$ cat protein07.cif   # mmCIF, C-alpha atoms and all ligand atoms
data_run
#
loop_
_atom_site.label_atom_id
_atom_site.label_comp_id
_atom_site.auth_asym_id
_atom_site.auth_seq_id
_atom_site.Cartn_x
_atom_site.Cartn_y
_atom_site.Cartn_z
CA MET A 2 0.00 0.00 0.00
CA LYS A 3 1.34 3.42 -0.93
CA ILE A 4 1.00 5.70 2.08
CA SER A 5 0.88 8.98 0.20
CA ALA A 6 -1.96 8.15 -2.18
CA ASP A 7 -4.34 6.58 0.27
CA ALA A 8 -5.63 9.48 2.33
CA ALA A 9 -9.15 8.52 1.26
CA LEU A 10 -8.78 5.28 3.21
CA VAL A 11 -8.89 7.24 6.47
CA PRO A 12 -12.46 8.50 6.65
CA ASP A 13 -12.01 10.52 9.83
CA ALA A 14 -11.58 14.18 8.93
CA SER A 15 -14.31 16.32 7.54
CA PHE A 16 -13.62 18.90 4.84
CA VAL A 17 -15.94 21.31 6.64
CA PRO A 18 -13.82 24.13 8.08
CA THR A 19 -14.11 24.57 11.84
CA SER A 20 -12.93 26.95 14.55
CA HIS A 21 -10.97 25.74 17.55
CA ARG A 22 -10.91 29.01 19.49
CA GLY A 23 -11.11 28.80 23.25
CA LEU A 24 -9.42 25.43 23.72
CA THR A 25 -6.34 24.90 25.86
CA TYR A 26 -3.71 22.24 25.37
CA PRO A 27 -2.26 20.91 28.64
CA PHE A 28 0.72 19.37 26.82
CA GLY A 29 1.01 22.19 24.31
CA HIS A 30 1.37 20.87 20.78
CA VAL A 31 3.81 18.20 21.88
CA GLY A 32 3.08 14.48 21.66
CA PRO A 33 5.12 11.30 21.90
CA GLU A 34 7.96 10.90 19.43
CA PRO A 35 7.77 7.99 16.98
CA GLN A 36 8.36 4.66 18.73
CA GLN A 37 8.08 6.35 22.15
CA THR A 38 5.34 6.58 24.75
CA MET A 39 4.35 9.64 26.73
CA GLN A 40 2.64 9.57 30.11
CA VAL A 41 -0.65 11.46 30.19
CA ALA A 42 -1.68 10.46 33.73
CA GLU A 43 -0.63 7.77 36.15
CA GLY A 44 -0.94 4.43 34.38
CA LEU A 45 -2.07 6.05 31.11
CA HIS A 46 0.31 6.39 28.17
CA TRP A 47 0.05 7.91 24.71
CA VAL A 48 1.46 6.39 21.48
CA ARG A 49 1.37 8.21 18.17
CA LEU A 50 1.38 6.38 14.81
CA VAL A 51 1.58 7.68 11.28
CA VAL A 52 -1.50 7.70 9.03
CA PRO A 53 -1.54 8.77 5.39
CA GLY A 54 -2.91 12.13 4.34
CA PRO A 55 -3.40 15.42 6.15
CA LEU A 56 -4.28 13.88 9.53
CA ARG A 57 -0.67 12.62 9.73
CA HIS A 58 -1.14 10.78 13.05
CA ILE A 59 -3.47 8.67 15.09
CA ASN A 60 -3.25 8.68 18.87
CA CYS A 61 -3.50 5.35 20.68
CA TRP A 62 -3.71 4.93 24.46
CA LEU A 63 -2.32 2.32 26.81
CA ILE A 64 -4.01 1.92 30.19
CA ASP A 65 -2.27 -0.14 32.87
CA ASP A 66 -4.42 -3.22 33.40
CA GLU A 67 -4.34 -6.66 34.90
CA ASP A 68 -6.14 -9.92 34.29
CA ALA A 69 -6.06 -13.44 35.75
CA THR A 70 -2.55 -13.99 34.45
CA GLY A 71 -1.03 -10.81 35.87
CA PRO A 72 -0.27 -7.19 35.05
CA GLY A 73 -0.33 -5.77 31.54
CA ALA A 74 -1.99 -2.99 29.60
CA ALA A 75 -5.23 -2.37 27.73
CA LEU A 76 -4.69 -0.82 24.30
CA VAL A 77 -7.26 1.64 22.93
CA ASP A 78 -7.04 1.66 19.09
CA THR A 79 -4.16 0.24 17.05
CA GLY A 80 -3.26 2.34 14.00
CA MET A 81 -3.44 1.21 10.39
CA ASN A 82 -2.30 -2.05 8.91
CA LEU A 83 0.78 -0.54 7.26
CA ALA A 84 4.34 -1.85 7.42
CA PRO A 85 5.69 1.30 9.15
CA THR A 86 2.96 1.05 11.82
CA ARG A 87 3.70 -2.61 12.48
CA ASP A 88 7.41 -1.71 12.67
CA ASP A 89 6.67 1.01 15.25
CA TRP A 90 4.76 -1.42 17.44
CA LYS A 91 7.48 -4.06 17.12
CA ALA A 92 10.09 -1.50 18.17
CA LEU A 93 7.96 -0.48 21.17
CA PHE A 94 7.29 -4.03 22.36
CA ARG A 95 10.75 -5.48 21.60
CA GLY A 96 13.31 -3.59 23.58
CA GLY A 97 11.41 -0.29 23.55
CA ALA A 98 9.21 1.50 26.06
CA LEU A 99 6.73 -1.41 26.10
CA ASP A 100 9.33 -4.16 26.35
CA GLY A 101 7.81 -7.08 28.21
CA VAL A 102 4.35 -5.49 28.42
CA ARG A 103 1.54 -7.91 27.69
CA LEU A 104 -1.78 -6.65 26.34
CA THR A 105 -4.80 -7.74 28.37
CA ARG A 106 -7.32 -6.48 25.81
CA VAL A 107 -7.64 -4.33 22.70
CA ILE A 108 -10.46 -1.78 22.79
CA GLY A 109 -11.63 -0.42 19.43
CA THR A 110 -13.36 2.95 19.68
CA HIS A 111 -14.86 2.35 16.22
CA MET A 112 -14.42 0.37 13.03
CA HIS A 113 -12.40 2.75 10.85
CA PRO A 114 -9.20 1.18 9.55
CA ASP A 115 -6.83 3.57 11.31
CA HIS A 116 -8.42 2.48 14.61
CA ILE A 117 -8.78 -1.29 14.23
CA GLY A 118 -6.44 -1.95 11.30
CA LEU A 119 -4.13 -3.99 13.51
CA ALA A 120 -6.67 -5.18 16.12
CA GLY A 121 -6.66 -8.78 14.87
CA TRP A 122 -2.86 -8.82 14.66
CA MET A 123 -2.52 -7.46 18.21
CA CYS A 124 -5.13 -9.85 19.68
CA ASP A 125 -3.46 -12.81 17.97
CA HIS A 126 -0.01 -11.85 19.14
CA HIS A 127 -0.96 -11.17 22.76
CA GLY A 128 -3.71 -13.79 23.03
CA CYS A 129 -6.12 -11.15 24.29
CA PRO A 130 -9.76 -10.31 23.51
CA LEU A 131 -11.10 -7.48 21.34
CA GLU A 132 -13.70 -5.17 22.90
CA MET A 133 -16.02 -3.04 20.77
CA THR A 134 -19.65 -2.00 20.65
CA ARG A 135 -21.89 -4.33 18.71
CA GLY A 136 -22.66 -1.71 16.07
CA GLU A 137 -18.98 -1.19 15.31
CA TRP A 138 -18.12 -4.87 15.50
CA LEU A 139 -20.90 -5.99 13.17
CA THR A 140 -20.19 -3.24 10.67
CA ALA A 141 -16.50 -4.12 10.56
CA ARG A 142 -17.22 -7.82 10.15
CA MET A 143 -19.86 -7.11 7.49
CA LEU A 144 -17.53 -4.93 5.43
CA ALA A 145 -14.65 -7.38 5.81
CA ALA A 146 -16.86 -10.26 4.65
CA ASP A 147 -18.07 -8.45 1.51
CA ALA A 148 -15.61 -10.09 -0.85
CA ARG A 149 -17.00 -9.43 -4.34
CA ASP A 150 -14.65 -7.74 -6.81
CA ALA A 151 -16.92 -5.65 -9.02
CA VAL A 152 -18.57 -2.49 -7.68
CA PRO A 153 -22.23 -3.35 -6.88
CA HIS A 154 -24.95 -1.70 -8.96
CA GLU A 155 -26.41 -0.02 -5.85
CA MET A 156 -23.13 1.86 -5.40
CA ILE A 157 -23.14 3.01 -9.01
CA SER A 158 -26.75 4.18 -8.68
CA PHE A 159 -25.76 6.04 -5.52
CA TRP A 160 -22.90 7.83 -7.30
CA ARG A 161 -25.20 8.70 -10.20
CA GLY A 162 -27.81 9.97 -7.73
CA ALA A 163 -25.22 12.23 -6.11
CA GLY A 164 -24.41 13.74 -9.51
CA TRP A 165 -21.15 12.04 -10.47
CA ASP A 166 -20.38 12.28 -14.17
CA ALA A 167 -19.54 9.25 -16.34
CA GLU A 168 -15.80 9.79 -15.93
CA ALA A 169 -16.02 9.82 -12.12
CA ILE A 170 -18.19 6.70 -12.15
CA GLU A 171 -15.66 4.90 -14.36
CA ARG A 172 -12.88 5.91 -11.98
CA GLY A 173 -14.91 4.56 -9.07
CA LYS A 174 -15.55 1.27 -10.88
CA ALA A 175 -11.84 0.96 -11.71
CA ARG A 176 -10.96 1.21 -8.00
CA GLY A 177 -12.96 -1.96 -7.39
CA TRP A 178 -14.65 -3.16 -4.21
CA SER A 179 -13.75 -4.92 -0.94
CA GLY A 180 -11.22 -2.25 0.00
CA PHE A 181 -11.94 -2.64 3.71
CA ARG A 182 -11.10 -6.33 3.74
CA ARG A 183 -7.73 -5.61 2.19
CA ILE A 184 -6.63 -2.86 4.55
CA ILE A 185 -7.23 -4.44 7.96
CA THR A 186 -5.75 -7.58 9.49
CA PRO A 187 -8.46 -10.25 9.94
CA LEU A 188 -10.57 -9.63 13.03
CA PRO A 189 -10.99 -12.35 15.63
CA LEU A 190 -14.16 -14.38 15.24
CA GLY A 191 -15.50 -13.39 18.65
CA TYR A 192 -15.42 -10.18 20.65
CA ARG A 193 -16.49 -8.68 23.97
CA ARG A 194 -19.37 -6.31 23.61
CA LEU A 195 -19.19 -2.77 24.98
CA VAL A 196 -22.49 -1.10 25.91
CA ASP A 197 -23.33 2.55 26.56
CA GLY A 198 -23.10 3.32 30.29
CA GLN A 199 -21.14 0.16 31.07
CA VAL A 200 -18.22 0.57 33.47
CA LEU A 201 -15.01 -1.31 32.70
CA MET A 202 -12.57 -1.92 35.50
CA ILE A 203 -9.16 -1.35 33.95
CA GLY A 204 -6.20 -1.60 36.29
CA GLY A 205 -8.41 -0.88 39.29
CA ARG A 206 -9.91 2.26 37.78
CA ARG A 207 -13.44 2.77 36.50
CA TRP A 208 -13.81 3.63 32.81
CA GLN A 209 -17.35 4.30 31.63
CA ILE A 210 -18.38 3.69 28.01
CA VAL A 211 -20.07 6.71 26.42
CA THR A 212 -21.36 5.97 22.92
CA GLY A 213 -21.92 8.43 20.10
CA ASN A 214 -23.20 8.26 16.55
CA GLY A 215 -22.95 10.02 13.21
CA HIS A 216 -19.25 9.50 12.46
CA SER A 217 -19.57 5.73 12.76
CA PRO A 218 -22.42 3.42 13.80
CA GLU A 219 -21.87 3.13 17.57
CA HIS A 220 -18.65 4.87 18.53
CA ALA A 221 -17.30 4.23 22.05
CA CYS A 222 -15.63 6.94 24.14
CA LEU A 223 -14.11 6.06 27.52
CA LEU A 224 -14.64 8.26 30.57
CA ASP A 225 -12.59 8.19 33.76
CA ALA A 226 -14.94 10.42 35.76
CA GLU A 227 -12.85 10.34 38.90
CA ARG A 228 -9.80 11.86 37.22
CA GLY A 229 -11.74 13.85 34.62
CA ILE A 230 -10.31 12.16 31.53
CA LEU A 231 -12.25 11.41 28.33
CA ILE A 232 -10.76 9.25 25.57
CA SER A 233 -12.91 10.70 22.81
CA GLY A 234 -11.78 8.72 19.73
CA ASP A 235 -13.08 10.41 16.60
CA GLN A 236 -16.37 11.41 18.22
CA LEU A 237 -14.75 14.71 19.21
CA LEU A 238 -11.59 16.17 17.69
CA PRO A 239 -9.95 19.52 18.56
CA ARG A 240 -9.01 21.04 15.21
CA ILE A 241 -11.07 19.32 12.58
CA SER A 242 -14.68 18.33 12.43
CA SER A 243 -15.19 14.57 12.28
CA ASN A 244 -16.35 13.25 8.93
CA ILE A 245 -20.13 12.80 8.83
CA SER A 246 -21.17 10.94 5.70
CA LEU A 247 -24.35 9.53 4.23
CA GLY A 248 -23.47 6.25 2.57
CA VAL A 249 -24.88 3.52 0.39
CA THR A 250 -25.42 1.15 3.32
CA GLU A 251 -28.04 3.43 4.90
CA PRO A 252 -29.12 5.95 2.27
CA GLU A 253 -32.23 7.00 4.23
CA GLY A 254 -30.21 7.53 7.42
CA ASP A 255 -29.58 10.88 9.08
CA PRO A 256 -25.96 10.78 10.24
CA LEU A 257 -25.74 14.54 10.78
CA GLY A 258 -28.85 14.43 12.98
CA ASP A 259 -27.27 11.56 14.90
CA TRP A 260 -24.06 13.56 15.23
CA LEU A 261 -25.83 16.68 16.54
CA ASP A 262 -27.69 14.51 19.08
CA SER A 263 -24.35 13.08 20.19
CA LEU A 264 -22.88 16.56 20.67
CA ALA A 265 -25.80 17.30 23.03
CA LYS A 266 -25.23 14.01 24.83
CA LEU A 267 -21.52 14.74 25.34
CA LYS A 268 -22.44 18.16 26.68
CA GLN A 269 -23.95 16.43 29.71
CA LEU A 270 -20.39 15.49 30.70
CA PRO A 271 -18.40 17.88 32.93
CA ALA A 272 -16.95 20.90 31.11
CA ASP A 273 -13.51 20.53 32.65
CA LEU A 274 -12.59 17.09 31.32
CA THR A 275 -9.20 16.55 29.74
CA VAL A 276 -10.02 15.21 26.29
CA LEU A 277 -7.78 12.65 24.58
CA PRO A 278 -8.74 12.65 20.88
CA SER A 279 -7.64 10.22 18.16
CA HIS A 280 -6.17 12.99 16.01
CA GLY A 281 -4.46 16.18 17.19
CA ASP A 282 -3.51 17.35 20.66
CA VAL A 283 -4.88 16.60 24.11
CA PHE A 284 -7.19 19.48 25.01
CA THR A 285 -9.54 21.02 27.55
CA GLY A 286 -12.61 23.08 26.74
CA LEU A 287 -15.10 20.29 26.05
CA HIS A 288 -18.23 22.43 26.05
CA VAL A 289 -16.61 25.22 24.03
CA ARG A 290 -15.69 22.70 21.36
CA LEU A 291 -19.12 21.02 21.36
CA ASP A 292 -20.85 24.40 21.04
CA ALA A 293 -18.58 25.44 18.17
CA LEU A 294 -19.20 22.23 16.23
CA ASP A 295 -22.94 22.44 16.75
CA ARG A 296 -23.05 26.09 15.65
CA GLU A 297 -20.84 25.54 12.60
CA HIS A 298 -22.85 22.60 11.29
CA ARG A 299 -26.10 24.52 11.78
CA ASP A 300 -24.61 27.59 10.02
CA ARG A 301 -23.62 25.33 7.14
CA LEU A 302 -27.17 23.96 6.95
CA ASP A 303 -28.55 27.51 6.83
CA GLU A 304 -26.17 28.43 3.99
CA LEU A 305 -27.08 25.30 2.11
CA GLU A 306 -30.78 26.04 2.46
CA VAL A 307 -30.22 29.44 0.84
CA PHE A 308 -28.16 27.83 -1.91
CA ILE A 309 -30.83 25.28 -2.85
CA GLY A 310 -33.38 28.10 -2.63
CA GLU A 311 -31.69 29.78 -5.60
CA ALA A 312 -32.02 26.69 -7.81
CA PRO A 313 -32.25 22.92 -7.35
CA ARG A 314 -28.80 21.44 -6.65
CA ARG A 315 -27.17 18.05 -6.65
CA SER A 316 -24.78 16.87 -3.94
CA VAL A 317 -21.75 17.64 -6.12
CA ASP A 318 -22.99 21.20 -6.71
CA CYS A 319 -22.76 21.95 -2.98
CA PHE A 320 -19.03 21.30 -2.46
CA GLY A 321 -18.07 24.95 -2.91
CA ARG A 322 -20.57 26.07 -0.25
CA LEU A 323 -19.68 23.38 2.27
CA PHE A 324 -15.95 22.91 2.00
CA ARG A 325 -14.39 26.10 0.61
CA ARG A 326 -11.60 24.04 -0.89
CA ALA A 327 -11.01 22.14 -4.10
CA ILE A 328 -12.22 18.54 -4.16
CA GLY A 329 -10.01 16.44 -6.41
CA PRO A 330 -10.98 13.00 -7.75
CA GLU A 331 -9.36 11.20 -4.82
CA LEU A 332 -11.58 13.05 -2.33
CA LEU A 333 -14.80 12.87 -4.33
CA GLY A 334 -16.27 9.90 -2.44
CA MET A 335 -15.82 11.42 1.02
CA ALA A 336 -16.95 14.87 -0.09
CA THR A 337 -20.06 13.36 -1.65
CA GLY A 338 -20.94 11.55 1.57
CA GLU A 339 -20.57 14.70 3.64
CA SER A 340 -22.53 16.84 1.23
CA LEU A 341 -25.35 14.27 1.16
CA ALA A 342 -25.38 14.10 4.98
CA HIS A 343 -26.11 17.86 5.08
CA LEU A 344 -28.73 17.73 2.31
CA ARG A 345 -30.40 14.74 3.96
CA ARG A 346 -30.48 16.62 7.28
CA LEU A 347 -32.26 19.54 5.58
CA GLU A 348 -34.74 17.04 4.15
CA VAL A 349 -35.36 15.44 7.58
CA GLU A 350 -35.89 18.91 9.09
CA GLY A 351 -38.51 19.64 6.41
CA ARG A 352 -36.36 22.36 4.82
CA ALA A 353 -35.50 20.55 1.58
CA VAL A 354 -37.28 18.32 -0.90
CA LYS A 355 -35.47 15.73 -3.00
CA ASP A 356 -36.64 15.17 -6.59
CA VAL A 357 -35.30 12.23 -8.57
CA VAL A 358 -34.83 12.98 -12.27
CA ASP A 359 -33.33 10.21 -14.42
CA GLY A 360 -31.76 8.69 -11.32
CA VAL A 361 -30.16 11.97 -10.22
CA TRP A 362 -31.11 13.51 -6.86
CA TRP A 363 -31.96 17.23 -7.02
CA TYR A 364 -32.58 19.08 -3.77
CA ARG A 365 -34.74 22.21 -3.65
CA LYS A 366 -35.90 24.38 -0.77
CA ALA A 367 -39.15 23.19 0.75
CA GLY A 368 -42.30 25.29 0.57
ZN ZN B 401 -13.10 7.44 12.39
#
$ encode --input "protein07.cif" --output "C-alpha cells" --more "lines below"
Ligand SMILES: [Zn+2]
Amino acid sequence: MKISADAALVPDASFVPTSHRGLTYPFGHVGPEPQQTMQVAEGLHWVRLVVPGPLRHINCWLIDDEDATGPGAALVDTGMNLAPTRDDWKALFRGGALDGVRLTRVIGTHMHPDHIGLAGWMCDHHGCPLEMTRGEWLTARMLAADARDAVPHEMISFWRGAGWDAEAIERGKARGWSGFRRIITPLPLGYRRLVDGQVLMIGGRRWQIVTGNGHSPEHACLLDAERGILISGDQLLPRISSNISLGVTEPEGDPLGDWLDSLAKLKQLPADLTVLPSHGDVFTGLHVRLDALDREHRDRLDELEVFIGEAPRRSVDCFGRLFRRAIGPELLGMATGESLAHLRRLEVEGRAVKDVVDGVWWYRKAG
C-alpha cells in the first residue's frame, strides 16, 4: 500500500472548516515521538502512529491493566495495517518503552481502519480479547466479509444519484470493491461487547463507556470520571470536524442528525474534562468545542438552504458552499458523503425536498 496516495482510506476528517478558538492544550502541541510513549496520567500512556494524508497521526492509548494472568496494559485503538505502523509497534514491544508489556485487551473505539487496522494482529499476538460496541463490531465484520470484486450496482446508482459524471463513475468502478477487507488484518471471530453506560474496571480504575453516533455506527468513548479524563476517539476532535457521511449502506439515514444529538449528549459530561482525541492534541474546553461544532454545522445547513433556494442542486454542486476548498478525484467519495449528509439533514428537518430525475437527486428548498 502506498501511504501517500491513500488518504481517502482514512475516513475521519471532515472537509468542513471549523474553529478551535477557546481550547487549551495541557501538553502544548507536543506528543510522543515515533516509537516512544508519553505519560498522560498515572498508568495512562500515549502512542502516536503515522497515518496517510493530512491527519498525519493517530493517537492510541495504553491503560495499565491486569487480568487473571497478571499485570499488563489495555490498548485503545491500534493504528493502520501498514508496514511502518507494524514496525513502530514491534520496536515499542521489543526492547522499547513497552518491552515485556503484555496486552490484556484491545479496545476499538470504532471500526475505521486507522483504529482497528491492527486489532486482529494485536489480539493474535498477545492472546487477548477485542472489545467493541456491537454496532462497530458488526459493521466491521460485514464490510470485511463483503468479498466481491466488481462495484455493486447499488453503489453506481448512488454515485449517479449524487451527480457524479460518467468519468467519475468509471474511476470509481476501476478502483474496485472490498477495500476494507484488504486494509485491515483479519478480526478475531469473537469479541467482547461494549455497551453505553457500562463501566469497565481497567487496572483498578473505572472507565465508563459513552457511545456516540454520526461518524460511525456506535462509537465508544471512555470516561474516567474520577480523574476527569475522556478518551474521545473520533467522536470529538480539537481542530477538525469529524467526517459525517451519508453512505450507500443506509441511504435513508440521518448521520448529521445523529451527530448533533451526540454533541448534546456529550455536553452532559463535565466541562472541565481533559479530552484525549484520536487525532491532534490533548485538550480542555469540552463544552466550548461542542458548542462550536454544533453552531458551525447549523450555520452550514442555513447556507445550504439558501443555496438550494436559488435553484435545485445536486450533492456535487454543494461542495463549494460546504468545503471552501477544491475537491479532487481522490476526495470525491468522502466529499459526496458529507454533502449528502447535510442535504439529507435539511430534508429530515422539512427544509428541503429531494426530486429524482433520471436517477439523479436534485434538492430544492421546501415550501
Ligand atoms: Zn473514524
$ atom_distance --input "protein07.cif" --atom1 "atom CA of A:Val77" --atom2 "atom CA of A:Ala226"
17.3 Å
$ closest_residue --input "protein07.cif" --among "A:Glu155, A:Glu219, A:Asp150, A:Asp166" --to "ligand ZN 401 (chain B)" --atoms "only C-alpha atoms and all ligand atoms"
A:Glu219
$ residues_near_ligand --input "protein07.cif" --ligand "ligand ZN 401 (chain B)" --cutoff "10 Å" --atoms "only C-alpha atoms and all ligand atoms" --output "PyMOL selection string"
chain A and resi 11-14+110-117+216-217+220+234-236+243-245+279-280
$ residues_around --input "protein07.cif" --residues "stretch 50-65 of chain A" --least-positions-apart "2" --cutoff "6 Å" --atoms "only C-alpha atoms" --output "PyMOL selection string"
chain A and resi 4-5+8+44-48+74-78+204+279-280
$ closest_residue --input "protein07.cif" --among "A:Arg161, A:Ser242, A:Phe308, A:Gly173" --to "A:Leu332" --atoms "all atoms listed in the file"
A:Gly173
$ closest_residue --input "protein07.cif" --among "A:Trp178, A:Phe94, A:Tyr192, A:Trp165" --to "A:Ala120" --atoms "all atoms listed in the file"
A:Tyr192
$ closest_residue --input "protein07.cif" --among "A:Pro313, A:Gly258, A:Gly286, A:Gly334" --to "A:Trp160" --atoms "all atoms listed in the file"
A:Gly334
$ atom_distance --input "protein07.cif" --atom1 "atom CA of A:Leu190" --atom2 "atom CA of A:Asp225"
29.2 Å
$ decode --input "protein07.cif" --residues "stretch 239-253 of chain A" --atoms "N, CA and C atoms" --output "mmCIF file, in the first residue's frame"
data_model
loop_
_atom_site.group_PDB
_atom_site.id
_atom_site.type_symbol
_atom_site.label_atom_id
_atom_site.label_comp_id
_atom_site.auth_asym_id
_atom_site.auth_seq_id
_atom_site.Cartn_x
_atom_site.Cartn_y
_atom_site.Cartn_z
ATOM 1 N N PRO A 239 -10.143 18.102 18.232
ATOM 2 C CA PRO A 239 -9.951 19.515 18.563
ATOM 3 C C PRO A 239 -9.896 20.469 17.372
ATOM 4 N N ARG A 240 -9.278 20.069 16.279
ATOM 5 C CA ARG A 240 -9.005 21.039 15.210
ATOM 6 C C ARG A 240 -9.894 20.846 14.004
ATOM 7 N N ILE A 241 -10.267 19.618 13.761
ATOM 8 C CA ILE A 241 -11.067 19.320 12.581
ATOM 9 C C ILE A 241 -12.409 18.774 13.032
ATOM 10 N N SER A 242 -13.385 18.932 12.167
ATOM 11 C CA SER A 242 -14.679 18.332 12.428
ATOM 12 C C SER A 242 -14.618 16.887 11.948
ATOM 13 N N SER A 243 -15.197 15.972 12.700
ATOM 14 C CA SER A 243 -15.188 14.569 12.283
ATOM 15 C C SER A 243 -16.009 14.415 11.003
ATOM 16 N N ASN A 244 -15.607 13.477 10.175
ATOM 17 C CA ASN A 244 -16.347 13.249 8.933
ATOM 18 C C ASN A 244 -17.723 12.651 9.229
ATOM 19 N N ILE A 245 -18.755 13.285 8.662
ATOM 20 C CA ILE A 245 -20.126 12.800 8.829
ATOM 21 C C ILE A 245 -20.650 12.528 7.429
ATOM 22 N N SER A 246 -20.823 11.277 7.082
ATOM 23 C CA SER A 246 -21.167 10.945 5.698
ATOM 24 C C SER A 246 -22.423 10.093 5.608
ATOM 25 N N LEU A 247 -23.250 10.419 4.611
ATOM 26 C CA LEU A 247 -24.349 9.533 4.232
ATOM 27 C C LEU A 247 -23.781 8.536 3.227
ATOM 28 N N GLY A 248 -24.063 7.253 3.436
ATOM 29 C CA GLY A 248 -23.466 6.245 2.570
ATOM 30 C C GLY A 248 -24.491 5.304 1.980
ATOM 31 N N VAL A 249 -24.005 4.426 1.132
ATOM 32 C CA VAL A 249 -24.878 3.523 0.388
ATOM 33 C C VAL A 249 -25.506 2.477 1.308
ATOM 34 N N THR A 250 -24.862 2.188 2.449
ATOM 35 C CA THR A 250 -25.421 1.150 3.316
ATOM 36 C C THR A 250 -26.673 1.614 4.052
ATOM 37 N N GLU A 251 -26.840 2.931 4.213
ATOM 38 C CA GLU A 251 -28.036 3.429 4.898
ATOM 39 C C GLU A 251 -28.451 4.766 4.266
ATOM 40 N N PRO A 252 -28.892 4.704 3.007
ATOM 41 C CA PRO A 252 -29.119 5.953 2.265
ATOM 42 C C PRO A 252 -30.269 6.807 2.801
ATOM 43 N N GLU A 253 -31.152 6.211 3.618
ATOM 44 C CA GLU A 253 -32.233 6.997 4.230
ATOM 45 C C GLU A 253 -31.877 7.390 5.671
#
